[in-house]
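Below is one structure, written out as structure tokens; comments come after it.
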Amino acid sequence: SKMTYKTMNFKPATHEIKFTKLFINGEFVDSISGNTFETINPATEEVLTSVAEGRKEDVDLAVKAAREAFDKGPWPRMSGEARRKIMLKFSDLIDENADELASLEVIDGGRLFGQVRYIEIPASVETFRYFAGAADKIRGATLKMSSNIQAYTLREPIGVVGHIIAWNVPTYMFATKVAPALAVGCTMIVKPAEQTPLSSLFLAHLSKLAGVPGGVINVVNGFGNTAGAAVSSHMDIDAVTFTGSIEIGRSIMQASAASNLKPVFLELGGKSPFIVFDDADVDKAVELAVVGNLMNKGEMCIAGSRVFVQEGIHDVFVKKLELAVKGWAKGDPFDLATRHGPQNNKQQYTKVLSCIENGRKEGATLVTGGRPFGNKGYYIEPTVFTNVTDDMSIAKEEIFGPVISVLQFKTVEEVIKRANATRYGLASGVMTKNIDIANTVSRSIRAGAVWINCYIALDRDAPHGGYKMSGFGREQGPEALEHYLQLKIVATPIYDSPW
Ligand code: ADP
């Protein structure tokens, strides 16, 4: 996942925005109210376009279409092989339209073209292919019963799924949530984040071209407390997946509890430790601390935002880190040499700046960055704080921005304790050549991922998800399929068994 794409003078052919309505039952339609809302380019603060604003009544329509497609339509009933074929076609279409899709992510989300086009979209395409391959491999088990009853399990699709998506990596999130649900035969409603609706709509269009039947994937743009809440509280949605903040995750569970007790799967971010021991390759550690915090302008749930550095290597690490961060290239998001873009939206921009202000006030040392820059767009300088202590807000709260906090430590036991002293538990990094330290730390960290001498080792085959308040459920890997499958036991007596 190293960013190694080459610099070239690429200009995308088109920024044309073709899809701005809701996608329900295989058609692009206006919202029932006729309302729309604007979506903004965070690099210019200009309005890109207006998109249809779905609310409860539109979610109702989408659920009706998805229910019909589940109860009577071909999707859950066709062979796994037939679903796989359509999903592979969908994957190919995403691949073929990667330039256009990446351009939409750039203008809608302040993303970097190179990162989306050459890392995120290929990963999303491969996610669809991976789960396409699972579509014909869903099986149950034969049970060894204690009586003369023979029994087996059936894995059935759970039904209509609601996917509530965040704004930081929308295409990848669409893939990780939609692909496994599609593979097992579910139908679904996607509620993209209001800040970034355009990629989901384009993907919906491609799904139709690929032959995904109407009603199987529906996309309802809208706000969280209207469209999102209508999904989580719906009586006819059978499961909800969500990626976002702890607060909203909590309200989604509450909405489920208050409605039909649908299972929910939550990915709620983190405050992941990135631990650098004295014996680590310091240049590699610096590079990974930078990528693990500044990639996607720090808008990553897996950011290694608490960089613990052992005292013997601390000062040299900080010197090199400062240099690396100062060299993190700002510029045109379409230029493949650019590494740093604007924050996704104004609210987030304001939040990150206030986190930085708090870091200053609480006494951390600002090594570089810390200010907004440019005369338009939500740009914040890549920022490094040192002398950060565990009680400071920058060491406790998820910033979701380009801010690196360096904390110093002495011993293995100490750093394990401090690394675990958080309500989060999404990921972690360990830099050391000592196998015993690496083993001890990996077994001790309460988090869904431990990356040793690497960082952001996400993969199709690697289940990703949280411990503690980072949520529950796993995306990617065969484990992801479990959320979309029901388990049924079929039992019947055998009266004349010879065994
Ligand atoms: P952030 O705080 O990072 O913007 P959120 O957790 O607020 O992220 O939002 C992530 C997704 O959840 C978005 O699609 C948003 O519209 C949706 N959302 C926000 N509030 C609610 C809610 N009360 N119920 C359901 N979905 C919501």
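How things are named: the first chain in the structure tokens is A, the next is B, and so on; residues count from 1 in each chain; ligands count from 1 in the order shown.
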_How would you report the residues lying within 10 Å of ligand 1, as a count of residues only, if you count only C-alpha atoms and all ligand atoms?_
53
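Comparing the minimum interatomic distances between A:Ala65 and each of A:Tyr424, A:Phe274, A:Phe23, A:Tyr379, counting only C-alpha atoms, we find that A:Phe23 sits nearest.
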_Need the shell around A:Phe90: protein/DNA/RNA residues with any atom at most 7 Å away, counting only C-alpha atoms. Skip same-chain ones fewer than 5 positions apart. Format as JSON, numbers by chain?_
{"A": [206, 207, 210]}
Restricting it to C-alpha atoms, dump the selection as a compact mmCIF listing (two decimals), in the first residue's frame.
```
# COMPACT_ATOMS: atom_id res chain seq x y z
CA LEU A 206 -22.53 0.84 -13.37
CA SER A 207 -24.34 -1.88 -11.41
CA ALA A 210 -23.58 -4.88 -15.34
```
List the neighbours of A:Val184 out to 9 Å using only C-alpha atoms; skip same-chain residues closer than 4 positions along the sequence, and give me the result as a CSV table (one decimal) with N, CA and C atoms, in the first residue's frame.
```
chain,number,residue,atom,x,y,z
A,76,PRO,N,-31.7,-13.3,-5.2
A,76,PRO,CA,-31.4,-14.3,-4.2
A,76,PRO,C,-31.6,-15.8,-4.7
A,80,GLY,N,-25.4,-19.2,-7.5
A,80,GLY,CA,-24.2,-18.4,-7.1
A,80,GLY,C,-23.3,-18.1,-8.3
A,83,ARG,N,-24.8,-15.1,-10.1
A,83,ARG,CA,-24.5,-13.8,-9.4
A,83,ARG,C,-23.0,-13.5,-9.6
A,131,PHE,N,-15.4,-11.1,-3.6
A,131,PHE,CA,-16.7,-11.6,-3.2
A,131,PHE,C,-17.5,-12.2,-4.3
A,134,ALA,N,-16.9,-15.7,-4.0
A,134,ALA,CA,-17.5,-16.3,-2.8
A,134,ALA,C,-19.0,-16.7,-3.2
A,135,ALA,N,-19.5,-16.1,-4.2
A,135,ALA,CA,-21.0,-16.2,-4.4
A,135,ALA,C,-21.4,-17.7,-4.6
A,136,ASP,N,-20.5,-18.5,-5.2
A,136,ASP,CA,-20.9,-19.9,-5.4
A,136,ASP,C,-20.2,-20.8,-4.4
A,138,ILE,N,-21.0,-20.6,-0.9
A,138,ILE,CA,-21.8,-20.5,0.4
A,138,ILE,C,-22.4,-21.8,0.8
A,155,ARG,N,-27.4,-21.8,4.9
A,155,ARG,CA,-27.0,-20.4,5.0
A,155,ARG,C,-27.9,-19.7,4.0
A,156,GLU,N,-28.7,-18.8,4.5
A,156,GLU,CA,-29.7,-18.0,3.7
A,156,GLU,C,-29.3,-16.5,3.8
A,157,PRO,N,-29.5,-15.8,2.7
A,157,PRO,CA,-29.3,-14.3,2.8
A,157,PRO,C,-30.2,-13.7,3.9
A,158,ILE,N,-29.7,-12.7,4.6
A,158,ILE,CA,-30.4,-12.2,5.7
A,158,ILE,C,-31.6,-11.3,5.2
A,179,ALA,N,-20.4,-5.5,-1.8
A,179,ALA,CA,-19.9,-6.8,-2.5
A,179,ALA,C,-20.3,-8.0,-1.7
A,180,PRO,N,-20.0,-8.1,-0.4
A,180,PRO,CA,-20.4,-9.4,0.3
A,180,PRO,C,-21.9,-9.6,0.4
A,481,LEU,N,-18.9,-12.1,5.1
A,481,LEU,CA,-20.1,-12.8,4.6
A,481,LEU,C,-21.1,-13.1,5.7
A,484,TYR,N,-24.2,-11.1,6.5
A,484,TYR,CA,-25.3,-11.1,5.6
A,484,TYR,C,-26.0,-12.4,5.4
A,485,LEU,N,-25.6,-13.4,6.3
A,485,LEU,CA,-26.2,-14.7,6.2
A,485,LEU,C,-27.0,-15.1,7.4
```
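Picture a line from atom CA of A:Leu154 to atom CA of A:Pro74; it runs 19.0 Å.
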Near stretch 405-420 of chain A, within 9 Å and counting only C-alpha atoms, which residues show up once chain neighbours fewer than 4 positions away are dropped, as a PDB file with C-alpha atoms, in the first residue's frame?
```pdb
ATOM      1  CA  SER A 272      -4.458   3.672  17.020  1.00  0.00           C
ATOM      2  CA  PRO A 273      -0.986   3.369  18.548  1.00  0.00           C
ATOM      3  CA  PHE A 274       2.025   3.238  16.250  1.00  0.00           C
ATOM      4  CA  ILE A 275       4.882   1.988  18.453  1.00  0.00           C
ATOM      5  CA  PHE A 277      11.129   0.646  19.493  1.00  0.00           C
ATOM      6  CA  SER A 305      -2.377   8.809  15.444  1.00  0.00           C
ATOM      7  CA  ARG A 306      -0.563   8.044  18.703  1.00  0.00           C
ATOM      8  CA  VAL A 307       3.067   7.626  17.686  1.00  0.00           C
ATOM      9  CA  PHE A 308       4.870   6.124  20.696  1.00  0.00           C
ATOM     10  CA  VAL A 309       8.642   6.396  20.295  1.00  0.00           C
ATOM     11  CA  GLN A 310      11.124   4.754  22.672  1.00  0.00           C
ATOM     12  CA  GLU A 311      13.470   7.210  24.377  1.00  0.00           C
ATOM     13  CA  GLY A 312      16.718   6.027  22.745  1.00  0.00           C
ATOM     14  CA  HIS A 314      13.139   9.598  20.040  1.00  0.00           C
ATOM     15  CA  VAL A 318      11.488  13.504  15.548  1.00  0.00           C
ATOM     16  CA  ALA A 364       2.290  19.948  23.441  1.00  0.00           C
ATOM     17  CA  THR A 383       1.090  19.033  11.633  1.00  0.00           C
ATOM     18  CA  VAL A 384       3.449  17.408  14.125  1.00  0.00           C
ATOM     19  CA  PHE A 385       3.235  17.675  17.900  1.00  0.00           C
ATOM     20  CA  THR A 386       5.852  16.283  20.271  1.00  0.00           C
ATOM     21  CA  ASN A 387       5.935  16.098  24.070  1.00  0.00           C
ATOM     22  CA  VAL A 388       2.387  14.814  23.905  1.00  0.00           C
ATOM     23  CA  THR A 389       1.128  13.163  27.091  1.00  0.00           C
ATOM     24  CA  ASP A 390      -1.625  10.596  27.480  1.00  0.00           C
ATOM     25  CA  ILE A 394      -4.912  15.222  20.991  1.00  0.00           C
ATOM     26  CA  ALA A 395      -3.819  11.869  22.470  1.00  0.00           C
ATOM     27  CA  TYR A 424     -10.841   2.606  20.813  1.00  0.00           C
ATOM     28  CA  GLY A 425      -9.321  -0.619  19.438  1.00  0.00           C
ATOM     29  CA  SER A 428      -1.940  -0.709  15.771  1.00  0.00           C
ATOM     30  CA  ILE A 437       8.915  -7.868  21.613  1.00  0.00           C
ATOM     31  CA  THR A 440       4.447  -9.834  23.172  1.00  0.00           C
ATOM     32  CA  VAL A 441       3.044  -6.589  21.868  1.00  0.00           C
ATOM     33  CA  SER A 444      -1.240  -7.676  24.287  1.00  0.00           C
ATOM     34  CA  ILE A 445      -2.761  -4.990  22.113  1.00  0.00           C
ATOM     35  CA  ARG A 446      -6.552  -4.886  22.288  1.00  0.00           C
ATOM     36  CA  ALA A 447      -7.229  -3.997  18.671  1.00  0.00           C
TER      37      ALA A 447
END
```
*Any chance you could list, as a ChimeraX atom specification, the residues in stretch 46-220 of chain A that come up strand (DSSP E) when DSSP is run on the backbone?*
/A:46-52,142-143,149-157,160-164,187-191,217-219
*Find the residue from A:Thr36, A:Asn358, A:Thr365, A:Asn296 that sits nearest to A:Pro333; use only C-alpha atoms when measuring.*
A:Asn296
_All alpha helix (DSSP H) positions in stretch 96-312 of chain A, as a ChimeraX atom specification_ = /A:96,98-109,113-115,121-134,170-184,198-210,229-232,246-258,282-294,311-312
*Counting only C-alpha atoms, which of A:Met87, A:Ile94, A:Leu48, A:Ala151 gets nearest to A:Ile494?*
A:Ala151
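In this structure, atom CA of A:Thr127 sits 5.7 Å away from atom CA of A:Arg460.
Comparing A:Val161, A:Ala102, A:Ile32, A:Ala329 by their smallest distance to A:Asp238, the closest is A:Val161 (using only C-alpha atoms).
Going from atom CA of A:Val286 over to atom CA of A:Leu321, you cover 5.6 Å.
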*Could you tell me which of A:Thr241, A:Asn41, A:Ser146, A:Ser79 comes closest to A:Lys177 if we count only C-alpha atoms?*
A:Thr241
*Which neighbours of A:Gly34 fall inside 10 Å, counting only C-alpha atoms, when residues of the same chain fewer than 2 positions from it are skipped, and could you give them as a VMD selection string?*
chain A and resid 29 to 32 36 52 to 54
For the residues in that selection, give me N, CA and C atoms as an mmCIF file, in the first residue's frame.
```cif
data_model
loop_
_atom_site.group_PDB
_atom_site.id
_atom_site.type_symbol
_atom_site.label_atom_id
_atom_site.label_comp_id
_atom_site.auth_asym_id
_atom_site.auth_seq_id
_atom_site.Cartn_x
_atom_site.Cartn_y
_atom_site.Cartn_z
ATOM 1 N N VAL A 29 -34.430 8.655 -9.967
ATOM 2 C CA VAL A 29 -35.699 9.368 -9.756
ATOM 3 C C VAL A 29 -35.479 10.571 -8.834
ATOM 4 N N ASP A 30 -36.361 11.572 -8.969
ATOM 5 C CA ASP A 30 -36.344 12.700 -8.040
ATOM 6 C C ASP A 30 -36.842 12.239 -6.681
ATOM 7 N N SER A 31 -36.542 13.021 -5.652
ATOM 8 C CA SER A 31 -37.113 12.702 -4.343
ATOM 9 C C SER A 31 -38.600 13.053 -4.360
ATOM 10 N N ILE A 32 -39.367 12.416 -3.483
ATOM 11 C CA ILE A 32 -40.811 12.658 -3.468
ATOM 12 C C ILE A 32 -41.105 14.127 -3.174
ATOM 13 N N THR A 36 -33.715 19.163 -2.959
ATOM 14 C CA THR A 36 -32.344 18.829 -3.329
ATOM 15 C C THR A 36 -31.403 19.457 -2.308
ATOM 16 N N ALA A 52 -30.616 15.127 -5.445
ATOM 17 C CA ALA A 52 -31.918 14.877 -4.833
ATOM 18 C C ALA A 52 -31.733 14.538 -3.363
ATOM 19 N N GLU A 53 -32.599 15.079 -2.540
ATOM 20 C CA GLU A 53 -32.514 14.793 -1.103
ATOM 21 C C GLU A 53 -33.582 13.796 -0.699
ATOM 22 N N GLY A 54 -33.148 12.568 -0.410
ATOM 23 C CA GLY A 54 -34.090 11.550 0.035
ATOM 24 C C GLY A 54 -34.403 11.716 1.508
#
```
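Remark: for A:Pro213, the closest of the candidate residues A:Glu397, A:Glu68, A:Glu81, A:Glu287 is A:Glu68 (distances computed over only C-alpha atoms).
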